[in-house]
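Below: input_12.txt (compact mmCIF, C-alpha atoms and all ligand atoms)
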```txt
# COMPACT_ATOMS: atom_id res chain seq x y z
CA MET A 1034 -2.41 26.60 9.71
CA THR A 1035 -2.03 24.20 6.80
CA ILE A 1036 -0.24 20.91 7.21
CA ARG A 1037 1.29 18.77 4.51
CA LEU A 1038 1.52 15.02 4.81
CA LEU A 1039 3.25 12.43 2.68
CA ALA A 1040 1.29 9.19 2.34
CA PRO A 1041 3.63 6.47 1.04
CA ALA A 1042 2.86 3.45 -1.10
CA LYS A 1043 3.70 -0.13 -0.09
CA ILE A 1044 4.77 -3.30 -1.80
CA ASN A 1045 4.21 -6.88 -0.63
CA LEU A 1046 7.36 -8.98 -0.23
CA GLY A 1047 5.49 -12.29 -0.68
CA LEU A 1048 1.82 -12.92 0.06
CA GLU A 1049 0.16 -16.15 1.16
CA ILE A 1050 -3.50 -16.83 1.80
CA LEU A 1051 -4.22 -19.48 4.40
CA GLY A 1052 -7.96 -19.81 3.81
CA ARG A 1053 -11.36 -18.25 4.22
CA ARG A 1054 -12.44 -17.12 7.69
CA SER A 1055 -15.86 -17.35 9.28
CA ASP A 1056 -16.25 -13.52 9.02
CA GLY A 1057 -15.97 -13.68 5.19
CA TYR A 1058 -12.43 -12.30 5.08
CA HIS A 1059 -9.36 -14.38 4.26
CA GLU A 1060 -6.52 -15.14 6.66
CA ILE A 1061 -3.32 -13.83 5.08
CA ARG A 1062 0.41 -13.62 5.71
CA THR A 1063 2.42 -10.99 3.91
CA ILE A 1064 5.39 -8.69 4.41
CA LEU A 1065 4.45 -5.05 3.84
CA ALA A 1066 7.23 -2.61 2.97
CA ALA A 1067 6.75 1.15 2.56
CA ILE A 1068 8.38 2.81 -0.46
CA SER A 1069 9.32 6.37 -1.34
CA MET A 1070 6.47 6.84 -3.86
CA ALA A 1071 3.93 9.01 -1.99
CA ASP A 1072 0.70 10.95 -2.34
CA GLU A 1073 0.60 14.43 -0.83
CA LEU A 1074 -2.27 15.51 1.43
CA LEU A 1075 -2.74 19.12 2.50
CA ALA A 1076 -5.11 19.83 5.37
CA GLU A 1077 -6.33 22.99 7.06
CA PRO A 1078 -9.02 23.53 9.69
CA ALA A 1079 -12.51 24.26 8.32
CA SER A 1080 -15.97 24.12 9.84
CA ALA A 1081 -16.96 21.27 7.50
CA THR A 1082 -14.90 18.55 5.85
CA SER A 1083 -14.28 18.76 2.10
CA LEU A 1084 -11.87 17.15 -0.35
CA ASP A 1085 -10.31 18.43 -3.54
CA VAL A 1086 -8.48 15.75 -5.60
CA ASP A 1087 -6.29 16.40 -8.62
CA GLN A 1088 -7.76 13.29 -10.29
CA HIS A 1089 -11.40 14.01 -10.92
CA GLU A 1090 -12.46 10.34 -10.96
CA LEU A 1091 -11.21 9.86 -7.38
CA ALA A 1092 -13.33 12.68 -5.92
CA GLY A 1093 -16.52 11.77 -4.09
CA ASP A 1094 -17.79 10.30 -0.85
CA ASP A 1095 -16.15 6.93 -1.56
CA ASN A 1096 -12.69 8.46 -1.28
CA LEU A 1097 -11.10 6.98 1.84
CA VAL A 1098 -9.91 10.43 2.96
CA LEU A 1099 -13.54 11.45 3.40
CA ARG A 1100 -14.55 8.08 4.83
CA ALA A 1101 -11.76 8.37 7.42
CA ALA A 1102 -12.82 11.91 8.35
CA VAL A 1103 -16.50 10.95 8.65
CA MET A 1104 -15.61 7.93 10.79
CA LEU A 1105 -13.40 9.99 13.12
CA GLY A 1106 -16.06 12.73 13.23
CA GLU A 1107 -18.52 10.29 14.81
CA GLN A 1108 -16.24 10.21 17.86
CA PHE A 1109 -14.79 13.72 17.60
CA PRO A 1110 -17.30 16.21 16.11
CA GLN A 1111 -14.56 18.86 15.93
CA ALA A 1112 -12.51 16.64 13.56
CA THR A 1113 -13.25 18.56 10.36
CA ALA A 1114 -10.82 19.92 7.77
CA ARG A 1115 -10.46 21.06 4.19
CA PHE A 1116 -8.30 18.49 2.38
CA ALA A 1117 -6.44 18.68 -0.92
CA LEU A 1118 -5.04 15.42 -2.27
CA ARG A 1119 -2.34 15.24 -4.93
CA LYS A 1120 -2.19 11.69 -6.25
CA ARG A 1121 1.17 10.23 -7.22
CA ILE A 1122 0.39 6.58 -6.42
CA PRO A 1123 -1.61 4.94 -9.23
CA ALA A 1124 -5.14 4.19 -8.00
CA ALA A 1125 -6.28 0.59 -7.39
CA SER A 1126 -2.88 -0.72 -8.40
CA GLY A 1127 -1.91 -2.89 -5.41
CA LEU A 1128 0.27 -0.20 -3.86
CA GLY A 1129 -2.10 0.78 -1.04
CA GLY A 1130 -2.47 4.43 -2.05
CA ALA A 1131 -6.06 4.94 -0.93
CA SER A 1132 -5.36 3.23 2.40
CA SER A 1133 -2.33 5.43 2.98
CA ASP A 1134 -4.37 8.55 2.11
CA ALA A 1135 -6.97 7.51 4.70
CA VAL A 1136 -4.31 7.26 7.40
CA ALA A 1137 -2.90 10.64 6.34
CA ALA A 1138 -6.39 12.09 6.92
CA LEU A 1139 -6.58 10.54 10.40
CA ILE A 1140 -3.13 11.86 11.30
CA ALA A 1141 -3.93 15.30 9.86
CA LEU A 1142 -7.08 15.57 11.99
CA ASN A 1143 -5.23 14.27 15.04
CA GLU A 1144 -2.63 17.02 14.56
CA LEU A 1145 -4.90 19.89 13.52
CA ARG A 1146 -7.53 19.22 16.19
CA GLN A 1147 -5.11 18.01 18.87
CA LEU A 1148 -7.10 14.84 19.47
CA GLY A 1149 -4.19 13.23 21.31
CA LEU A 1150 -4.58 9.83 19.61
CA THR A 1151 -1.59 7.51 20.03
CA PRO A 1152 -0.21 5.40 17.13
CA VAL A 1153 -1.99 2.33 18.56
CA GLU A 1154 -5.30 4.22 18.69
CA LEU A 1155 -4.74 5.52 15.15
CA GLU A 1156 -4.17 1.92 14.00
CA ARG A 1157 -7.47 0.90 15.59
CA TYR A 1158 -9.34 3.63 13.76
CA ALA A 1159 -7.48 2.74 10.57
CA ALA A 1160 -8.58 -0.92 10.87
CA ARG A 1161 -12.21 0.24 10.79
CA ILE A 1162 -11.62 1.69 7.32
CA GLY A 1163 -10.11 -1.48 5.81
CA SER A 1164 -7.55 -4.25 6.16
CA ASP A 1165 -4.63 -2.33 4.65
CA PRO A 1166 -4.72 1.10 6.39
CA PRO A 1167 -3.25 0.18 9.83
CA PHE A 1168 0.18 -0.51 8.29
CA PHE A 1169 0.57 3.09 7.13
CA VAL A 1170 0.50 4.52 10.67
CA ARG A 1171 4.02 3.23 11.31
CA GLY A 1172 5.03 1.98 7.85
CA GLY A 1173 8.58 0.75 7.42
CA CYS A 1174 8.45 -3.00 7.12
CA ALA A 1175 6.06 -5.36 8.92
CA LEU A 1176 4.69 -8.88 8.91
CA ALA A 1177 0.93 -8.60 8.40
CA SER A 1178 -1.40 -11.41 9.45
CA GLY A 1179 -5.09 -11.75 10.25
CA ARG A 1180 -6.97 -10.00 7.44
CA GLY A 1181 -3.81 -7.89 6.93
CA ASP A 1182 -4.35 -5.67 9.97
CA VAL A 1183 -2.32 -7.54 12.64
CA LEU A 1184 1.18 -6.13 12.37
CA THR A 1185 4.57 -7.21 13.68
CA PRO A 1186 7.29 -4.62 12.92
CA LEU A 1187 10.40 -5.89 11.10
CA PRO A 1188 13.69 -4.24 10.20
CA ALA A 1189 13.42 -2.76 6.71
CA PRO A 1190 15.93 -4.20 4.23
CA ALA A 1191 18.73 -1.65 3.97
CA SER A 1192 19.25 0.37 0.79
CA LEU A 1193 17.22 -1.58 -1.75
CA SER A 1194 15.97 0.08 -4.90
CA VAL A 1195 12.51 -0.86 -6.09
CA VAL A 1196 11.51 -0.73 -9.77
CA VAL A 1197 7.71 -0.25 -9.69
CA VAL A 1198 5.70 -1.09 -12.83
CA SER A 1199 2.03 -0.09 -12.73
CA PRO A 1200 0.12 -1.21 -15.85
CA ASN A 1201 -2.97 0.69 -16.98
CA VAL A 1202 -5.30 -2.23 -16.33
CA ALA A 1203 -8.49 -1.53 -14.39
CA ILE A 1204 -10.24 -4.47 -12.74
CA PRO A 1205 -13.65 -3.51 -11.33
CA GLN A 1206 -13.97 -4.21 -7.58
CA LYS A 1207 -10.44 -5.56 -7.86
CA THR A 1208 -9.72 -6.68 -4.28
CA ALA A 1209 -13.05 -8.40 -3.67
CA THR A 1210 -12.99 -9.91 -7.20
CA LEU A 1211 -9.54 -11.42 -6.73
CA TYR A 1212 -10.27 -12.74 -3.25
CA GLY A 1213 -13.45 -14.23 -4.74
CA ALA A 1214 -11.48 -15.91 -7.56
CA LEU A 1215 -9.23 -17.85 -5.19
CA THR A 1216 -9.63 -21.62 -4.99
CA PRO A 1217 -8.36 -23.93 -2.20
CA ALA A 1218 -5.38 -24.77 -4.45
CA ASP A 1219 -4.23 -21.16 -3.99
CA PHE A 1220 -4.11 -21.53 -0.21
CA SER A 1221 -0.86 -22.30 1.63
CA ASP A 1222 0.36 -22.56 5.20
CA GLY A 1223 2.11 -19.18 5.56
CA LYS A 1224 5.54 -20.71 6.16
CA ARG A 1225 7.22 -18.98 3.21
CA VAL A 1226 6.19 -15.55 4.49
CA GLN A 1227 7.20 -16.55 8.02
CA ALA A 1228 10.61 -17.50 6.59
CA ASN A 1229 10.80 -14.07 4.92
CA ALA A 1230 10.07 -12.44 8.29
CA ALA A 1231 12.82 -14.52 9.93
CA ALA A 1232 15.26 -13.58 7.16
CA LEU A 1233 14.49 -9.87 7.53
CA THR A 1234 14.88 -10.11 11.31
CA ALA A 1235 18.31 -11.66 10.70
CA ARG A 1236 18.97 -8.86 8.18
CA LEU A 1237 19.27 -11.34 5.32
CA ASP A 1238 17.17 -10.19 2.40
CA ASP A 1239 18.76 -12.04 -0.52
CA ASP A 1240 16.58 -15.15 -0.30
CA LEU A 1241 13.15 -13.60 0.15
CA CYS A 1242 10.36 -15.62 -1.48
CA LEU A 1243 8.27 -13.06 -3.38
CA ASP A 1244 5.52 -15.49 -4.52
CA ASN A 1245 2.03 -14.00 -4.32
CA ALA A 1246 -1.16 -16.09 -4.12
CA PHE A 1247 -3.00 -13.57 -6.29
CA SER A 1248 -0.72 -14.24 -9.30
CA ARG A 1249 -2.73 -17.19 -10.62
CA PRO A 1250 -6.22 -15.58 -10.46
CA LEU A 1251 -4.84 -12.23 -11.68
CA TYR A 1252 -3.16 -13.70 -14.77
CA ALA A 1253 -6.29 -15.80 -15.42
CA LEU A 1254 -8.41 -12.63 -15.32
CA ALA A 1255 -6.01 -10.42 -17.28
CA PRO A 1256 -3.55 -12.64 -19.24
CA SER A 1257 -1.78 -9.61 -20.77
CA LEU A 1258 -0.31 -8.86 -17.33
CA ARG A 1259 2.14 -11.73 -17.82
CA LEU A 1260 3.93 -9.34 -20.20
CA VAL A 1261 4.82 -7.15 -17.21
CA SER A 1262 6.48 -9.99 -15.36
CA ASP A 1263 8.19 -11.12 -18.59
CA ALA A 1264 9.42 -7.58 -19.33
CA LEU A 1265 11.06 -7.38 -15.89
CA HIS A 1266 12.80 -10.73 -16.40
CA VAL A 1267 13.97 -9.88 -19.92
CA ALA A 1268 15.33 -6.57 -18.59
CA GLY A 1269 17.48 -8.54 -16.16
CA ALA A 1270 15.53 -8.24 -12.92
CA GLY A 1271 16.65 -11.05 -10.63
CA ARG A 1272 14.00 -10.68 -7.95
CA SER A 1273 10.50 -9.55 -8.89
CA GLY A 1274 6.99 -9.95 -7.58
CA LEU A 1275 3.39 -8.84 -7.68
CA SER A 1276 2.24 -6.21 -5.18
CA GLY A 1277 -1.01 -6.88 -3.33
CA ALA A 1278 -3.75 -8.06 -5.67
CA GLY A 1279 -1.91 -6.25 -8.50
CA PRO A 1280 -1.70 -5.14 -11.16
CA SER A 1281 1.55 -3.40 -10.05
CA HIS A 1282 4.70 -5.51 -10.21
CA TYR A 1283 8.10 -4.63 -8.80
CA ALA A 1284 11.73 -5.69 -8.86
CA LEU A 1285 14.24 -5.37 -6.03
CA GLU A 1286 17.77 -4.29 -6.89
CA ARG A 1287 20.74 -3.55 -4.68
CA ASP A 1288 22.43 -1.27 -7.21
CA PRO A 1289 20.40 1.93 -7.95
CA GLU A 1290 22.00 2.34 -11.39
CA ARG A 1291 21.04 -1.19 -12.35
CA ALA A 1292 17.49 -0.44 -11.13
CA GLU A 1293 17.36 2.63 -13.41
CA ALA A 1294 18.68 0.58 -16.34
CA ILE A 1295 16.03 -2.11 -15.80
CA ALA A 1296 13.33 0.59 -15.52
CA ALA A 1297 14.46 2.13 -18.84
CA VAL A 1298 14.24 -1.23 -20.65
CA VAL A 1299 10.79 -2.02 -19.20
CA ARG A 1300 9.56 1.52 -19.99
CA ALA A 1301 10.68 1.15 -23.61
CA LYS A 1302 9.05 -2.29 -23.85
CA LEU A 1303 5.66 -1.40 -22.31
CA GLY A 1304 5.38 2.21 -23.56
CA PRO A 1305 2.21 4.04 -22.49
CA GLU A 1306 0.73 0.77 -21.17
CA ALA A 1307 2.47 1.22 -17.80
CA ALA A 1308 4.06 3.73 -15.45
CA VAL A 1309 7.61 2.65 -14.56
CA ASN A 1310 9.59 4.36 -11.81
CA VAL A 1311 12.43 3.62 -9.40
CA HIS A 1312 11.86 4.14 -5.67
CA ARG A 1313 13.48 2.93 -2.47
CA LEU A 1314 12.27 1.25 0.67
CA ILE A 1315 11.64 3.69 3.54
CA ALA A 1316 11.56 3.20 7.31
CA SER A 1317 8.49 5.36 7.99
CA GLY A 1318 4.76 5.48 7.28
CA VAL A 1319 2.69 8.64 6.82
CA THR A 1320 4.77 11.65 7.78
CA VAL A 1321 3.77 15.22 8.60
CA HIS A 1322 6.23 16.91 6.31
CA THR A 1323 6.02 20.64 7.01
CA TYR A 1324 4.01 22.98 9.12
CA CYS A 1325 3.09 26.32 7.61
CA SER A 1326 1.43 28.87 9.81
CA GLY A 1327 -0.85 31.50 8.44
O1 LIG A 1401 -10.50 -4.78 3.93
P1 LIG A 1401 -11.07 -4.26 2.68
O2 LIG A 1401 -12.38 -3.52 2.89
O3 LIG A 1401 -10.13 -3.50 1.84
O4 LIG A 1401 -11.44 -5.55 1.81
C1 LIG A 1401 -12.21 -5.48 0.63
C2 LIG A 1401 -12.77 -6.86 0.33
O5 LIG A 1401 -11.71 -7.78 0.06
C3 LIG A 1401 -13.51 -7.50 1.50
O6 LIG A 1401 -14.87 -7.14 1.50
C4 LIG A 1401 -13.33 -8.98 1.24
O7 LIG A 1401 -14.22 -9.39 0.23
C5 LIG A 1401 -11.95 -9.05 0.64
N1 LIG A 1401 -10.89 -9.35 1.64
C6 LIG A 1401 -10.76 -10.66 2.08
N2 LIG A 1401 -9.76 -10.96 2.98
C7 LIG A 1401 -8.90 -10.00 3.42
C8 LIG A 1401 -9.02 -8.67 2.97
C9 LIG A 1401 -10.03 -8.38 2.06
O8 LIG A 1401 -11.52 -11.56 1.69
N3 LIG A 1401 -7.90 -10.35 4.25
```

Give the structure from the file, written as structure tokens.
Amino acid sequence: MTIRLLAPAKINLGLEILGRRSDGYHEIRTILAAISMADELLAEPASATSLDVDQHELAGDDNLVLRAAVMLGEQFPQATARFALRKRIPAASGLGGASSDAVAALIALNELRQLGLTPVELERYAARIGSDPPFFVRGGCALASGRGDVLTPLPAPASLSVVVVSPNVAIPQKTATLYGALTPADFSDGKRVQANAAALTARLDDDLCLDNAFSRPLYALAPSLRLVSDALHVAGAGRSGLSGAGPSHYALERDPERAEAIAAVVRAKLGPEAAVNVHRLIASGVTVHTYCSG
């Protein structure tokens, strides 16, 4: 049996950092929203775990698919599989691709090896891999607090198109570097994200505050990224933001045709410097897409 899973990307609808915690992490508030851009993970039972990736530079023991399988294998020695990962989500771009892939591996092993893990248990395993993975077990839309792993489900905004712009800018050790570049002036009390959560609960998504505390250190580190934000504005995007610690930016649009028109203008402006695509918000996380027996 081979199973095929779709591991979606996420965007952050606003992100605030409250301060540094005693465990070295930062206390955050953000709204995570899953989008239709997705990696594909194929998995079949094998006596040892292996991973084939269609992007050579992402192969290796650091890949979170392998780290997830090794971690689960410590508890369940039978949790082994042959994985093939087809990347569609740009790597290290603030869209959570590697975290989503890790959760897809956990869910694949849970299915293939009938481990019987519940979503809550899968979230606990996911939290051992990193701060971002737990969200992808259920996906949809959620308020994330703590280090990003404490989740409160929210209704997903209905029928919004998302123009995703992923510039080809690589920042070594991006997440740790950007957290390390924060100063107390970047910290805030979390009320804007709380207000976003309240608005989404009331099914009002027009007034979301999309400010992201990583904007200042990111633009300081890579000033050319301001061009991405500028290109979205010039193209007519009304609501845009930075996803995670970047460098991906996005715009929210109610009208899908307008989203495509904005994407075309940004694509023409940025050329090969960025991947620009239109997606939509989705109500799920990692999904087991098809079962093939044989
Ligand atoms: O959780 P994850 O392993 O992805 O985090 C990578 C690094 O980012 C951490 O080692 C830490 O330096 C930083 N981080 C943080 N606060 C968070 C999440 C991550 O300081 N909430």

Checklist entry - Could you name the residues that touch Ala1228 of chain A at 12 Å or less, counting all atoms listed in the file, but leaving out those on the same chain fewer than 3 positions away, as a VMD selection string? => result chain A and resid 1046 to 1049 1062 to 1064 1176 1222 to 1225 1231 to 1235 1237 to 1238 1240 to 1243

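Each residue with an atom within 7 Å of any atom of ligand LIG 1401 (chain A) appears in the list, which was built counting all atoms listed in the file: A:Gly1057, A:Tyr1058, A:His1059, A:Glu1060, A:Ile1061, A:Ile1162, A:Gly1163, A:Ser1164, A:Asp1165, A:Gly1179, A:Arg1180, A:Gly1181, A:Thr1208, A:Ala1209, A:Tyr1212, A:Gly1213.
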
Next on the checklist: With only C-alpha atoms as the counted atoms, please give the residues lying no more than 9 Å from Leu1193 of chain A, apart from itself and same-chain residues fewer than 5 positions off, as a ChimeraX atom specification.
Outcome noted: /A:1285-1289,1312-1314

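Of the residues under consideration (A:Ala1124, A:Ile1204, A:Val1153, A:Ala1297), A:Val1153 shows the shortest atom-to-atom contact distance to Val1183 of chain A when counting all atoms listed in the file.
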
Checklist entry - What's the 10 Å shell around Asn1201 of chain A, counting only C-alpha atoms, without same-chain residues fewer than 6 positions away, as JSON, numbers by chain? => result {"A": [1123, 1124, 1126, 1258, 1280, 1281, 1305, 1306, 1307, 1308]}

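Minimum distance to Ser1080 of chain A across A:Ala1191, A:Ala1114, A:Leu1065, A:Ala1159 (counting all atoms listed in the file) occurs at A:Ala1114.
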
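What separates atom CA of Asp1056 of chain A from atom CA of Phe1247 of chain A is a distance of 20.2 Å.
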
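Between Ala1066 of chain A and the candidates A:Leu1275, A:Ala1042, A:Ala1138, A:Ala1270, the tightest atom-to-atom separation, counting only C-alpha atoms, involves A:Ala1042.
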